Each structure stands twice: as C-alpha cells, then as structure tokens.
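Peer 1: Take a look at the following structure, please.
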Amino acid sequence: MKNHVRELRKAKQWTQDDLAKKLLVSRQTVNAIENGKFDPSIVTAFKIAELFGQPIESIFVYRDDAQ
C-alpha cells in the first residue's frame, strides 16, 4: 500500500521517533510503514489520520499489484 506518511511527518518536522511515540509503536514500525514494507492496523491508520488531520484515504492509497 502506498502512503504519504513520510511527507506528512516531515512537514510537521517530526522524527520517526517522535511519530512512533505519538502512535505508541516503535520507530522501526514507522520506518516500515513509510517504506511500504508494513501496512498498519486499522487502529494505527486511524491514529495517523487523526494526528495529521486528514482522512485515511488521503494518506493511504490502495493499489492491487496483481492486476
């Protein structure tokens, strides 16, 4: 899943560690989400959307690579 977490985080001038603490996850989890190696749980996705004041679908973009 493609996402805009890195861009949003940098716009707020937060480090990955800053965002991780706000989400109650590890910095490694934030890194994996930003690099598209890990899709967050729905709860974490909602927390990210709330932190950045945007709807989930503007942050996370589903793409079906099988097609």
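Residues in the structure tokens are numbered from 1 in each chain, the chains being A, B, ... in the order shown, and ligands are numbered from 1 in the order shown.
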Determine which residues of chain A DSSP labels as helix (DSSP H, G or I) from the backbone of this structure, then write them out as a compact mmCIF listing (two decimals) with C-alpha atoms, in the first residue's frame.
Peer 2:
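The resulting file, part_11.txt, is reproduced below:
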# COMPACT_ATOMS: atom_id res chain seq x y z
CA VAL A 5 3.22 9.30 5.98
CA ARG A 6 6.84 10.37 5.41
CA GLU A 7 5.82 13.61 3.66
CA LEU A 8 3.27 14.45 6.35
CA ARG A 9 5.72 13.67 9.14
CA LYS A 10 8.45 15.82 7.61
CA ALA A 11 6.01 18.70 7.09
CA GLN A 16 10.31 8.89 13.08
CA ASP A 17 10.83 8.53 16.82
CA ASP A 18 8.51 11.49 17.51
CA LEU A 19 5.75 9.92 15.41
CA ALA A 20 6.35 6.49 16.93
CA LYS A 21 5.88 7.87 20.44
CA LYS A 22 2.63 9.59 19.42
CA LEU A 23 1.35 6.32 17.91
CA ARG A 27 10.48 3.72 15.36
CA GLN A 28 11.09 0.62 13.26
CA THR A 29 7.35 0.27 12.71
CA VAL A 30 7.11 3.87 11.49
CA ASN A 31 10.06 3.24 9.17
CA ALA A 32 8.44 0.09 7.77
CA ILE A 33 5.11 1.90 7.22
CA GLU A 34 6.84 4.80 5.45
CA ILE A 42 -6.78 -0.10 11.10
CA VAL A 43 -6.43 1.40 14.60
CA THR A 44 -2.94 2.74 13.83
CA ALA A 45 -4.14 4.05 10.45
CA PHE A 46 -6.95 5.95 12.20
CA LYS A 47 -4.45 7.36 14.73
CA ILE A 48 -2.20 8.53 11.89
CA ALA A 49 -5.13 10.17 10.12
CA GLU A 50 -6.21 11.89 13.33
CA LEU A 51 -2.67 13.15 14.07
CA PHE A 52 -2.38 14.70 10.62
CA ILE A 56 -7.31 7.83 5.90
CA GLU A 57 -7.87 7.57 2.15
CA SER A 58 -5.80 10.70 1.54
CA ILE A 59 -2.86 9.19 3.45
Peer 1: Using DSSP assignments from the backbone, pull out every residue in chain A that falls under strand (DSSP E or B) and give it to me as a ChimeraX atom specification.
Peer 2: /A:2-3,60-61
Peer 1: Can you tell me how far atom CA of A:Val25 sits from atom CA of A:Phe38, in Å to one decimal?
Peer 2: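 Rounded to one decimal, the two atoms are 12.7 Å apart.
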Peer 1: To one decimal in Å, tell me the separation between atom CA of A:Lys37 and atom CA of A:Val61.
Peer 2: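 Value for the atom CA of A:Lys37-atom CA of A:Val61 distance: 13.9 Å.
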Peer 1: Name all residues at most 7 Å from A:Met1 (count only C-alpha atoms; drop same-chain ones fewer than 3 positions away) and give them as a ChimeraX atom specification.
Peer 2: /A:36,39,60-63
